[in-house]
file coords-v4.cif (mmCIF, C-alpha atoms and all ligand atoms)
data_my_file
#
loop_
_atom_site.label_atom_id
_atom_site.label_comp_id
_atom_site.auth_asym_id
_atom_site.auth_seq_id
_atom_site.Cartn_x
_atom_site.Cartn_y
_atom_site.Cartn_z
CA HIS A 200 -22.37 -14.15 -10.68
CA SER A 201 -24.62 -15.78 -8.14
CA HIS A 202 -23.95 -17.34 -4.79
CA SER A 203 -25.77 -20.01 -2.97
CA SER A 204 -26.31 -19.42 0.71
CA ASP A 205 -23.90 -22.29 1.31
CA ASP A 206 -21.07 -20.33 -0.30
CA ALA A 207 -21.90 -17.31 1.83
CA GLN A 208 -21.77 -19.52 4.92
CA LYS A 209 -18.32 -20.71 3.98
CA VAL A 210 -17.02 -17.16 3.86
CA LEU A 211 -18.80 -16.00 6.97
CA SER A 212 -18.45 -18.77 9.48
CA SER A 213 -15.10 -19.84 10.82
CA GLY A 214 -16.04 -21.68 13.92
CA ASP A 215 -17.31 -21.21 17.37
CA ASP A 216 -15.47 -18.68 19.40
CA CYS A 217 -14.46 -16.22 16.70
CA ARG A 218 -15.29 -12.77 18.01
CA HIS A 219 -14.05 -9.70 16.24
CA PRO A 220 -12.84 -6.65 18.12
CA ALA A 221 -14.51 -3.31 17.39
CA TYR A 222 -11.54 -2.03 15.44
CA LYS A 223 -11.64 1.48 13.99
CA THR A 224 -10.91 2.31 10.37
CA HIS A 225 -9.34 5.51 9.06
CA ILE A 226 -8.84 6.17 5.36
CA LEU A 227 -5.36 7.51 4.77
CA SER A 228 -5.48 7.57 0.98
CA LYS A 229 -8.23 6.89 -1.55
CA SER A 230 -5.89 6.42 -4.48
CA PRO A 231 -4.11 4.18 -3.91
CA LEU A 232 -6.50 2.86 -1.28
CA VAL A 233 -4.75 2.80 2.10
CA ILE A 234 -6.73 2.32 5.30
CA TYR A 235 -5.45 2.39 8.85
CA LEU A 236 -7.01 -0.15 11.23
CA ALA A 237 -6.74 0.59 14.94
CA ASN A 238 -7.10 -2.39 17.32
CA PHE A 239 -7.36 -4.89 14.50
CA LEU A 240 -5.76 -7.56 16.74
CA THR A 241 -6.70 -8.16 20.36
CA PRO A 242 -4.02 -8.49 23.06
CA GLU A 243 -4.98 -12.19 23.43
CA GLU A 244 -4.54 -12.78 19.69
CA ARG A 245 -1.21 -10.99 19.71
CA ASP A 246 0.07 -13.09 22.60
CA HIS A 247 -1.18 -16.25 20.98
CA LEU A 248 0.50 -15.47 17.64
CA THR A 249 3.77 -14.70 19.39
CA GLU A 250 3.54 -17.88 21.45
CA ILE A 251 2.74 -20.35 18.65
CA THR A 252 5.53 -19.04 16.41
CA LYS A 253 8.22 -18.88 19.08
CA ASP A 254 11.42 -20.57 17.82
CA THR A 255 10.03 -21.08 14.30
CA PHE A 256 11.51 -17.99 12.64
CA THR A 257 14.06 -18.37 9.86
CA HIS A 258 15.75 -15.80 7.67
CA SER A 259 13.27 -14.19 5.32
CA ALA A 260 13.37 -14.93 1.64
CA VAL A 261 12.72 -12.41 -1.07
CA ALA A 262 11.90 -13.08 -4.67
CA ASP A 263 14.64 -11.75 -6.90
CA GLY A 264 14.28 -10.56 -10.49
CA SER A 265 14.81 -14.00 -11.99
CA GLY A 266 12.13 -15.45 -9.78
CA ALA A 267 14.38 -17.46 -7.49
CA GLN A 268 13.73 -17.15 -3.80
CA GLY A 269 16.93 -15.79 -2.36
CA LEU A 270 18.25 -14.34 0.85
CA ARG A 271 19.54 -10.87 0.36
CA GLN A 272 20.60 -7.84 2.25
CA THR A 273 17.35 -6.19 1.18
CA ARG A 274 15.45 -8.18 3.80
CA THR A 275 17.36 -8.98 6.95
CA SER A 276 14.38 -9.94 9.09
CA GLN A 277 13.27 -13.44 10.03
CA SER A 278 9.87 -14.85 9.15
CA THR A 279 7.61 -17.82 9.65
CA ASN A 280 4.30 -19.11 8.36
CA VAL A 281 1.67 -19.29 11.08
CA PRO A 282 -0.12 -22.62 11.58
CA ARG A 283 -3.82 -22.12 10.88
CA ASP A 284 -5.55 -22.74 14.20
CA SER A 285 -8.89 -21.28 15.29
CA VAL A 286 -7.38 -17.96 16.33
CA VAL A 287 -5.63 -17.55 13.00
CA ARG A 288 -8.79 -18.57 11.13
CA CYS A 289 -10.69 -15.89 13.01
CA ILE A 290 -8.14 -13.24 12.00
CA GLU A 291 -8.26 -14.51 8.42
CA GLN A 292 -12.03 -14.21 8.48
CA ARG A 293 -11.77 -10.64 9.77
CA ALA A 294 -9.42 -9.79 6.92
CA LEU A 295 -11.81 -11.33 4.40
CA LEU A 296 -14.91 -9.63 5.79
CA PHE A 297 -13.14 -6.28 5.74
CA GLN A 298 -12.58 -6.66 2.00
CA GLY A 299 -16.17 -7.49 1.18
CA LEU A 300 -18.53 -10.36 1.68
CA ASP A 301 -17.43 -12.22 -1.39
CA THR A 302 -13.73 -12.89 -1.02
CA PRO A 303 -13.23 -16.64 -0.62
CA ARG A 304 -10.83 -17.91 2.03
CA THR A 305 -8.89 -19.75 -0.68
CA HIS A 306 -7.54 -16.41 -1.95
CA LEU A 307 -5.50 -15.96 1.22
CA GLU A 308 -1.85 -16.87 1.40
CA PRO A 309 -0.73 -18.57 4.60
CA VAL A 310 -0.41 -15.84 7.21
CA GLN A 311 3.20 -14.82 7.74
CA LEU A 312 4.91 -13.33 10.76
CA VAL A 313 8.08 -11.33 10.39
CA LYS A 314 10.47 -10.44 13.16
CA TYR A 315 13.14 -7.73 13.23
CA GLY A 316 15.92 -7.39 15.76
CA GLN A 317 18.12 -4.36 16.13
CA GLY A 318 19.46 -3.12 12.79
CA GLU A 319 17.18 -5.36 10.73
CA HIS A 320 15.03 -3.98 7.97
CA TYR A 321 13.22 -4.68 4.72
CA HIS A 322 14.32 -2.44 1.88
CA PHE A 323 11.83 -0.66 -0.43
CA HIS A 324 9.65 -3.09 -2.33
CA THR A 325 6.11 -3.66 -3.50
CA ASP A 326 4.13 -6.63 -2.24
CA TRP A 327 2.85 -7.27 -5.78
CA TYR A 328 5.17 -9.30 -7.92
CA THR A 329 6.84 -7.74 -10.91
CA ASN A 330 7.83 -11.16 -12.25
CA PRO A 331 4.83 -13.05 -13.69
CA ILE A 332 6.21 -16.43 -12.57
CA HIS A 333 5.16 -15.46 -9.03
CA ALA A 334 1.68 -14.51 -10.17
CA THR A 335 0.54 -17.54 -12.16
CA SER A 336 -3.04 -18.73 -11.85
CA ALA A 337 -1.87 -21.76 -9.76
CA LEU A 338 -0.56 -19.16 -7.32
CA GLY A 339 -3.84 -17.25 -7.39
CA GLY A 340 -2.46 -14.50 -9.61
CA ASN A 341 -0.87 -11.48 -8.05
CA ARG A 342 -1.35 -9.99 -4.58
CA GLN A 343 -4.51 -7.92 -4.64
CA SER A 344 -4.14 -6.47 -1.17
CA SER A 345 -1.95 -6.44 1.92
CA PHE A 346 -2.56 -6.16 5.63
CA PHE A 347 0.51 -5.42 7.69
CA ALA A 348 -0.27 -5.68 11.38
CA TYR A 349 1.96 -4.93 14.35
CA VAL A 350 1.86 -7.99 16.56
CA ALA A 351 4.47 -7.33 19.21
CA ALA A 352 7.36 -5.03 20.03
CA SER A 353 9.74 -4.62 22.91
CA ASP A 354 9.07 -1.76 25.30
CA ASP A 355 12.26 -0.07 24.15
CA VAL A 356 11.60 -0.40 20.40
CA THR A 357 12.73 2.55 18.32
CA GLY A 358 12.65 2.79 14.54
CA GLY A 359 10.94 -0.07 12.76
CA GLY A 360 8.23 2.01 11.13
CA THR A 361 6.67 1.11 7.80
CA ASN A 362 7.51 3.83 5.30
CA PHE A 363 5.54 4.60 2.13
CA PRO A 364 7.65 7.23 0.37
CA LEU A 365 5.18 7.95 -2.43
CA LEU A 366 2.11 8.61 -0.26
CA ASP A 367 1.29 12.09 0.98
CA ALA A 368 1.67 12.46 4.72
CA PRO A 369 -1.69 13.11 6.33
CA LEU A 370 -2.45 16.51 7.79
CA GLY A 371 -3.82 16.74 11.27
CA ASP A 372 -2.30 15.94 14.63
CA GLU A 373 -4.73 13.08 15.27
CA TRP A 374 -2.61 10.99 12.90
CA CYS A 375 0.48 11.44 15.06
CA LYS A 376 -0.73 8.58 17.27
CA PHE A 377 -0.13 6.26 14.33
CA VAL A 378 2.34 7.91 11.97
CA ASP A 379 5.70 9.50 12.60
CA CYS A 380 4.92 13.21 12.47
CA ASP A 381 8.64 14.05 12.68
CA GLU A 382 9.20 12.42 9.28
CA THR A 383 9.99 15.04 6.64
CA TRP A 384 7.36 15.73 4.03
CA GLU A 385 9.54 14.38 1.18
CA ASN A 386 9.70 10.97 2.87
CA GLY A 387 5.98 10.30 2.60
CA VAL A 388 4.22 8.43 5.40
CA THR A 389 5.83 6.31 8.11
CA PHE A 390 3.51 4.19 10.25
CA ARG A 391 4.93 3.55 13.68
CA PRO A 392 4.84 -0.02 15.03
CA VAL A 393 1.83 0.46 17.31
CA VAL A 394 0.94 -3.04 18.47
CA GLY A 395 -2.56 -4.25 17.70
CA ASN A 396 -2.93 -1.90 14.75
CA ALA A 397 -2.65 -2.66 11.04
CA VAL A 398 -2.33 -0.97 7.69
CA TYR A 399 -4.39 -2.21 4.75
CA TRP A 400 -3.69 -1.29 1.15
CA GLU A 401 -4.51 -2.36 -2.38
CA ASN A 402 -1.62 -3.45 -4.53
CA LEU A 403 -3.12 -3.54 -7.99
CA HIS A 404 -4.80 -1.17 -10.37
CA GLU A 405 -8.30 -1.94 -11.65
CA ASP A 406 -6.79 -3.74 -14.67
CA GLY A 407 -4.69 -6.01 -12.43
CA SER A 408 -1.40 -4.26 -13.08
CA GLY A 409 0.79 -3.37 -10.10
CA ASP A 410 0.44 0.03 -8.47
CA GLN A 411 3.90 1.48 -7.88
CA ARG A 412 2.56 4.09 -5.47
CA ASN A 413 2.37 1.58 -2.63
CA LEU A 414 6.14 1.08 -2.60
CA HIS A 415 7.17 0.68 1.02
CA ALA A 416 9.91 -0.42 3.39
CA GLY A 417 10.26 -1.81 6.89
CA LEU A 418 12.64 0.77 8.31
CA PRO A 419 15.53 -0.48 10.45
CA VAL A 420 14.72 -1.25 14.05
CA THR A 421 17.23 0.96 15.84
CA SER A 422 16.70 -0.61 19.26
CA GLY A 423 14.63 -3.47 20.64
CA TRP A 424 12.62 -5.69 18.32
CA LYS A 425 9.26 -5.89 16.54
CA ILE A 426 7.07 -8.63 15.10
CA GLY A 427 4.67 -7.88 12.25
CA MET A 428 2.13 -9.95 10.36
CA ASN A 429 1.41 -10.11 6.65
CA ILE A 430 -1.99 -11.15 5.32
CA TRP A 431 -1.92 -11.23 1.56
CA THR A 432 -5.00 -11.76 -0.58
CA ARG A 433 -4.45 -13.03 -4.11
CA GLN A 434 -6.65 -12.20 -7.10
CA GLY A 435 -7.84 -15.80 -7.26
CA PRO A 436 -7.63 -19.08 -5.35
CA LEU A 437 -4.26 -20.53 -4.38
CA GLY A 438 -3.54 -24.20 -5.01
CA GLU A 439 -4.06 -26.46 -2.02
CA ASP A 440 -0.37 -27.39 -2.09
CA ILE A 441 0.43 -23.82 -1.04
CA ARG A 442 -2.47 -22.99 1.20
CA GLY A 443 -2.78 -26.36 2.81
CA PRO A 444 -6.11 -28.10 3.27
CA ASP A 445 -8.89 -25.59 3.75
CA VAL A 446 -9.52 -26.15 7.42
O1 LIG A 501 8.21 -4.41 8.51
C1 LIG A 501 7.48 -3.60 7.97
O2 LIG A 501 7.18 -2.53 8.51
C2 LIG A 501 6.95 -3.88 6.61
C3 LIG A 501 7.15 -5.33 6.17
C4 LIG A 501 6.72 -5.58 4.77
O3 LIG A 501 6.48 -4.69 4.02
C5 LIG A 501 6.59 -6.97 4.26
O4 LIG A 501 6.87 -7.92 5.00
O5 LIG A 501 6.16 -7.13 3.10
FE FE A 502 5.75 -5.34 2.15
#

call {"tool": "encode", "arguments": {"input": "coords-v4.cif", "output": "structure tokens", "more": "lines below"}}
Ligand SMILES: O=C(O)CCC(=O)C(=O)O
Ligand SMILES: [Fe+2]
result
Amino acid sequence: HSHSSDDAQKVLSSGDDCRHPAYKTHILSKSPLVIYLANFLTPEERDHLTEITKDTFTHSAVADGSGAQGLRQTRTSQSTNVPRDSVVRCIEQRALLFQGLDTPRTHLEPVQLVKYGQGEHYHFHTDWYTNPIHATSALGGNRQSSFFAYVAASDDVTGGGTNFPLLDAPLGDEWCKFVDCDETWENGVTFRPVVGNAVYWENLHEDGSGDQRNLHAGLPVTSGWKIGMNIWTRQGPLGEDIRGPDV
């Protein structure tokens, strides 16, 4: 397909003071594709996100097998959609540019923050939907990719890692800055909640079917609290009723 330069502009520009940090990328797995992003969020962005969502968190919903949004013991955290201001647009743009120069902004779900207090967790799940009613074309299809970023955590946070049981733990002590190197081999990879950093992965196979290998969980926070951020990119554009006007 072809693009006019106008289309390219739309993807690339998101306003005046959007400056991207020099984040570092580390491939953790090529299949499925999992990439670790160090310093993906700046301290100012993290503070801003925490500030604008203060007092807006409500108990997280999960989609159950029948497609109804329900509250269950599988996800005890609280979450909130982040209003799309210039800071959020800049982060959205960063997430789009990372994935290529041709992913339209309309493929992004509203950015979501999720907060866990002591004992709260999100049981094993995939971010791609198994039930097709959550992946209709009006919804942009299924979730192509996920960013999970660590936005904030208390100084005394323990636990609260993001565990991928089906990935191979990386070798090499350099990774211990980011992953829990005390985790046993059988448990796969657990990313520790290192604020500012993010994990990116692809959810779908080439043919659009879900990739089970990126099963993951938000492990219980055993003390303190953490706030994470989800940026989900759909296969296609989301309806304006869901995304809101494309500001
Ligand atoms: O809290 C985490 O570490 C992971 C959260 C997660 O997987 C999600 O919100 O989809
Ligand atoms: Fe998830």

call {"tool": "closest_atom_pairs", "arguments": {"input": "coords-v4.cif", "of": "chain A", "to": "ligand FE 502 (chain A)", "cutoff": "9 Å", "atoms": "all atoms listed in the file", "output": "CSV"}}
result
residue,atom,partner,partner_atom,distance
A:Tyr321,CA,A:FE502,FE,7.9
A:Phe323,CA,A:FE502,FE,8.1
A:His324,CA,A:FE502,FE,6.4
A:Thr325,CA,A:FE502,FE,5.9
A:Asp326,CA,A:FE502,FE,4.9
A:Trp327,CA,A:FE502,FE,8.7
A:Ser345,CA,A:FE502,FE,7.8
A:Phe347,CA,A:FE502,FE,7.6
A:Thr361,CA,A:FE502,FE,8.6
A:Leu414,CA,A:FE502,FE,8.0
A:His415,CA,A:FE502,FE,6.3
A:Ala416,CA,A:FE502,FE,6.6
A:Gly417,CA,A:FE502,FE,7.4
A:Asn429,CA,A:FE502,FE,7.9

call {"tool": "closest_atom_pairs", "arguments": {"input": "coords-v4.cif", "of": "chain A", "to": "ligand LIG 501 (chain A)", "cutoff": "10 Å", "atoms": "all atoms listed in the file", "output": "JSON lines"}}
result
{"residue": "A:Ser259", "atom": "CA", "partner": "A:LIG501", "partner_atom": "O4", "distance": 9.0}
{"residue": "A:Val261", "atom": "CA", "partner": "A:LIG501", "partner_atom": "O5", "distance": 9.4}
{"residue": "A:Arg274", "atom": "CA", "partner": "A:LIG501", "partner_atom": "O4", "distance": 8.7}
{"residue": "A:Ser276", "atom": "CA", "partner": "A:LIG501", "partner_atom": "O1", "distance": 8.3}
{"residue": "A:Gln277", "atom": "CA", "partner": "A:LIG501", "partner_atom": "O4", "distance": 9.8}
{"residue": "A:Ser278", "atom": "CA", "partner": "A:LIG501", "partner_atom": "O4", "distance": 8.6}
{"residue": "A:Gln311", "atom": "CA", "partner": "A:LIG501", "partner_atom": "O4", "distance": 8.3}
{"residue": "A:Leu312", "atom": "CA", "partner": "A:LIG501", "partner_atom": "O4", "distance": 8.1}
{"residue": "A:Val313", "atom": "CA", "partner": "A:LIG501", "partner_atom": "O4", "distance": 6.5}
{"residue": "A:Lys314", "atom": "CA", "partner": "A:LIG501", "partner_atom": "O1", "distance": 7.9}
{"residue": "A:Tyr315", "atom": "CA", "partner": "A:LIG501", "partner_atom": "O1", "distance": 7.6}
{"residue": "A:Glu319", "atom": "CA", "partner": "A:LIG501", "partner_atom": "O1", "distance": 9.3}
{"residue": "A:His320", "atom": "CA", "partner": "A:LIG501", "partner_atom": "O1", "distance": 6.9}
{"residue": "A:Tyr321", "atom": "CA", "partner": "A:LIG501", "partner_atom": "C3", "distance": 6.3}
{"residue": "A:His322", "atom": "CA", "partner": "A:LIG501", "partner_atom": "O3", "distance": 8.4}
{"residue": "A:Phe323", "atom": "CA", "partner": "A:LIG501", "partner_atom": "O3", "distance": 8.0}
{"residue": "A:His324", "atom": "CA", "partner": "A:LIG501", "partner_atom": "O3", "distance": 7.3}
{"residue": "A:Thr325", "atom": "CA", "partner": "A:LIG501", "partner_atom": "O5", "distance": 7.5}
{"residue": "A:Asp326", "atom": "CA", "partner": "A:LIG501", "partner_atom": "O5", "distance": 5.7}
{"residue": "A:Trp327", "atom": "CA", "partner": "A:LIG501", "partner_atom": "O5", "distance": 9.5}
{"residue": "A:Ser345", "atom": "CA", "partner": "A:LIG501", "partner_atom": "O5", "distance": 8.2}
{"residue": "A:Phe346", "atom": "CA", "partner": "A:LIG501", "partner_atom": "O5", "distance": 9.1}
{"residue": "A:Phe347", "atom": "CA", "partner": "A:LIG501", "partner_atom": "C2", "distance": 6.7}
{"residue": "A:Ala348", "atom": "CA", "partner": "A:LIG501", "partner_atom": "O2", "distance": 8.6}
{"residue": "A:Tyr349", "atom": "CA", "partner": "A:LIG501", "partner_atom": "O2", "distance": 8.2}
{"residue": "A:Gly358", "atom": "CA", "partner": "A:LIG501", "partner_atom": "O2", "distance": 9.7}
{"residue": "A:Gly359", "atom": "CA", "partner": "A:LIG501", "partner_atom": "O2", "distance": 6.2}
{"residue": "A:Gly360", "atom": "CA", "partner": "A:LIG501", "partner_atom": "O2", "distance": 5.3}
{"residue": "A:Thr361", "atom": "CA", "partner": "A:LIG501", "partner_atom": "O2", "distance": 3.7}
{"residue": "A:Asn362", "atom": "CA", "partner": "A:LIG501", "partner_atom": "O2", "distance": 7.1}
{"residue": "A:Phe363", "atom": "CA", "partner": "A:LIG501", "partner_atom": "O3", "distance": 9.5}
{"residue": "A:Thr389", "atom": "CA", "partner": "A:LIG501", "partner_atom": "O2", "distance": 9.0}
{"residue": "A:Phe390", "atom": "CA", "partner": "A:LIG501", "partner_atom": "O2", "distance": 7.9}
{"residue": "A:Arg391", "atom": "CA", "partner": "A:LIG501", "partner_atom": "O2", "distance": 8.3}
{"residue": "A:Pro392", "atom": "CA", "partner": "A:LIG501", "partner_atom": "O2", "distance": 7.4}
{"residue": "A:Val398", "atom": "CA", "partner": "A:LIG501", "partner_atom": "O2", "distance": 9.7}
{"residue": "A:Leu414", "atom": "CA", "partner": "A:LIG501", "partner_atom": "O3", "distance": 8.8}
{"residue": "A:His415", "atom": "CA", "partner": "A:LIG501", "partner_atom": "O3", "distance": 6.2}
{"residue": "A:Ala416", "atom": "CA", "partner": "A:LIG501", "partner_atom": "O3", "distance": 5.5}
{"residue": "A:Gly417", "atom": "CA", "partner": "A:LIG501", "partner_atom": "C1", "distance": 3.5}
{"residue": "A:Leu418", "atom": "CA", "partner": "A:LIG501", "partner_atom": "O2", "distance": 6.4}
{"residue": "A:Pro419", "atom": "CA", "partner": "A:LIG501", "partner_atom": "O1", "distance": 8.5}
{"residue": "A:Val420", "atom": "CA", "partner": "A:LIG501", "partner_atom": "O1", "distance": 9.1}
{"residue": "A:Lys425", "atom": "CA", "partner": "A:LIG501", "partner_atom": "O1", "distance": 8.2}
{"residue": "A:Ile426", "atom": "CA", "partner": "A:LIG501", "partner_atom": "O1", "distance": 7.9}
{"residue": "A:Gly427", "atom": "CA", "partner": "A:LIG501", "partner_atom": "O1", "distance": 6.2}
{"residue": "A:Met428", "atom": "CA", "partner": "A:LIG501", "partner_atom": "O4", "distance": 7.4}
{"residue": "A:Asn429", "atom": "CA", "partner": "A:LIG501", "partner_atom": "O4", "distance": 6.1}
{"residue": "A:Ile430", "atom": "CA", "partner": "A:LIG501", "partner_atom": "O5", "distance": 9.4}
{"residue": "A:Trp431", "atom": "CA", "partner": "A:LIG501", "partner_atom": "O5", "distance": 9.2}

call {"tool": "closest_residue", "arguments": {"input": "coords-v4.cif", "among": "A:Gly407, A:Pro364, A:Gly435, A:Pro303", "to": "Val388 of chain A", "atoms": "all atoms listed in the file"}}
result
A:Pro364

call {"tool": "closest_residue", "arguments": {"input": "coords-v4.cif", "among": "A:Asp381, A:Leu366, A:Ile251, A:Leu437", "to": "His333 of chain A", "atoms": "only C-alpha atoms"}}
result
A:Leu437

call {"tool": "closest_residue", "arguments": {"input": "coords-v4.cif", "among": "A:Pro369, A:Gly423, A:Gly395, A:Pro231", "to": "Val350 of chain A", "atoms": "all atoms listed in the file"}}
result
A:Gly395

call {"tool": "closest_residue", "arguments": {"input": "coords-v4.cif", "among": "A:Arg442, A:Thr357, A:Thr432, A:Gln272", "to": "Trp400 of chain A", "atoms": "all atoms listed in the file"}}
result
A:Thr432

call {"tool": "atom_distance", "arguments": {"input": "coords-v4.cif", "atom1": "atom CA of Val378 of chain A", "atom2": "atom CA of Glu291 of chain A"}}
result
25.1 Å

call {"tool": "residues_near_point", "arguments": {"input": "coords-v4.cif", "point": "(-16.4, -9.6, 18.3)", "cutoff": "12 Å", "atoms": "all atoms listed in the file", "output": "list in words"}}
result
Asp215, Asp216, Cys217, Arg218, His219, Pro220, Ala221, Tyr222, Asn238, Phe239, Leu240, Thr241, Cys289, Ile290, Gln292 and Arg293 of chain A

call {"tool": "residues_near_point", "arguments": {"input": "coords-v4.cif", "point": "(-2.8, -15.6, 19.0)", "cutoff": "10 Å", "atoms": "only C-alpha atoms", "output": "PyMOL selection string"}}
result
chain A and resi 240-252+281+284-287+289-290+350

call {"tool": "closest_residue", "arguments": {"input": "coords-v4.cif", "among": "A:Asn396, A:Thr335, A:Gln298, A:Asn402", "to": "Phe377 of chain A", "atoms": "only C-alpha atoms"}}
result
A:Asn396

call {"tool": "closest_residue", "arguments": {"input": "coords-v4.cif", "among": "A:Thr273, A:Asn413, A:Ser408, A:Asn330", "to": "Leu365 of chain A", "atoms": "all atoms listed in the file"}}
result
A:Asn413

call {"tool": "atom_distance", "arguments": {"input": "coords-v4.cif", "atom1": "atom CA of Leu296 of chain A", "atom2": "atom CA of Glu373 of chain A"}}
result
26.6 Å

call {"tool": "atom_distance", "arguments": {"input": "coords-v4.cif", "atom1": "atom CA of Arg342 of chain A", "atom2": "atom CA of Thr302 of chain A"}}
result
13.2 Å

call {"tool": "decode", "arguments": {"input": "coords-v4.cif", "residues": "segment 278-301 of chain A", "atoms": "N, CA and C atoms", "output": "compact mmCIF listing (two decimals), in the first residue's frame"}}
result
# COMPACT_ATOMS: atom_id res chain seq x y z
N SER A 278 -7.89 -0.33 38.36
CA SER A 278 -7.36 0.27 37.14
C SER A 278 -8.14 1.51 36.74
N THR A 279 -7.58 2.23 35.78
CA THR A 279 -8.21 3.45 35.30
C THR A 279 -7.71 3.74 33.89
N ASN A 280 -8.58 4.33 33.08
CA ASN A 280 -8.12 4.80 31.77
C ASN A 280 -7.52 6.18 31.95
N VAL A 281 -6.43 6.44 31.24
CA VAL A 281 -5.72 7.70 31.40
C VAL A 281 -6.25 8.71 30.40
N PRO A 282 -6.64 9.90 30.85
CA PRO A 282 -7.07 10.93 29.88
C PRO A 282 -5.92 11.28 28.94
N ARG A 283 -6.25 11.46 27.65
CA ARG A 283 -5.20 11.62 26.65
C ARG A 283 -4.76 13.08 26.54
N ASP A 284 -3.85 13.48 27.38
CA ASP A 284 -3.29 14.83 27.29
C ASP A 284 -1.98 14.78 26.50
N SER A 285 -1.24 15.87 26.45
CA SER A 285 -0.07 15.90 25.58
C SER A 285 1.03 14.94 26.04
N VAL A 286 1.12 14.72 27.33
CA VAL A 286 2.13 13.78 27.83
C VAL A 286 1.77 12.35 27.40
N VAL A 287 0.49 12.03 27.55
CA VAL A 287 0.04 10.69 27.17
C VAL A 287 0.17 10.48 25.66
N ARG A 288 -0.16 11.52 24.90
CA ARG A 288 0.00 11.42 23.43
C ARG A 288 1.45 11.16 23.06
N CYS A 289 2.35 11.79 23.77
CA CYS A 289 3.78 11.62 23.49
C CYS A 289 4.20 10.17 23.77
N ILE A 290 3.70 9.60 24.86
CA ILE A 290 4.02 8.21 25.18
C ILE A 290 3.39 7.28 24.15
N GLU A 291 2.15 7.59 23.76
CA GLU A 291 1.50 6.81 22.71
C GLU A 291 2.32 6.83 21.42
N GLN A 292 2.81 8.01 21.09
CA GLN A 292 3.61 8.15 19.87
C GLN A 292 4.88 7.31 19.94
N ARG A 293 5.49 7.32 21.11
CA ARG A 293 6.71 6.52 21.33
C ARG A 293 6.41 5.04 21.11
N ALA A 294 5.27 4.61 21.64
CA ALA A 294 4.88 3.20 21.50
C ALA A 294 4.60 2.85 20.04
N LEU A 295 4.04 3.79 19.31
CA LEU A 295 3.77 3.56 17.89
C LEU A 295 5.06 3.53 17.09
N LEU A 296 5.94 4.49 17.33
CA LEU A 296 7.19 4.56 16.57
C LEU A 296 8.05 3.33 16.82
N PHE A 297 8.00 2.82 18.03
CA PHE A 297 8.78 1.62 18.36
C PHE A 297 8.36 0.46 17.47
N GLN A 298 7.05 0.41 17.15
CA GLN A 298 6.51 -0.74 16.42
C GLN A 298 6.65 -0.61 14.91
N GLY A 299 7.17 0.49 14.46
CA GLY A 299 7.29 0.71 13.03
C GLY A 299 6.77 2.09 12.71
N LEU A 300 6.95 2.49 11.48
CA LEU A 300 6.56 3.86 11.13
C LEU A 300 5.16 3.91 10.55
N ASP A 301 4.50 2.77 10.56
CA ASP A 301 3.23 2.69 9.84
C ASP A 301 2.07 2.21 10.69
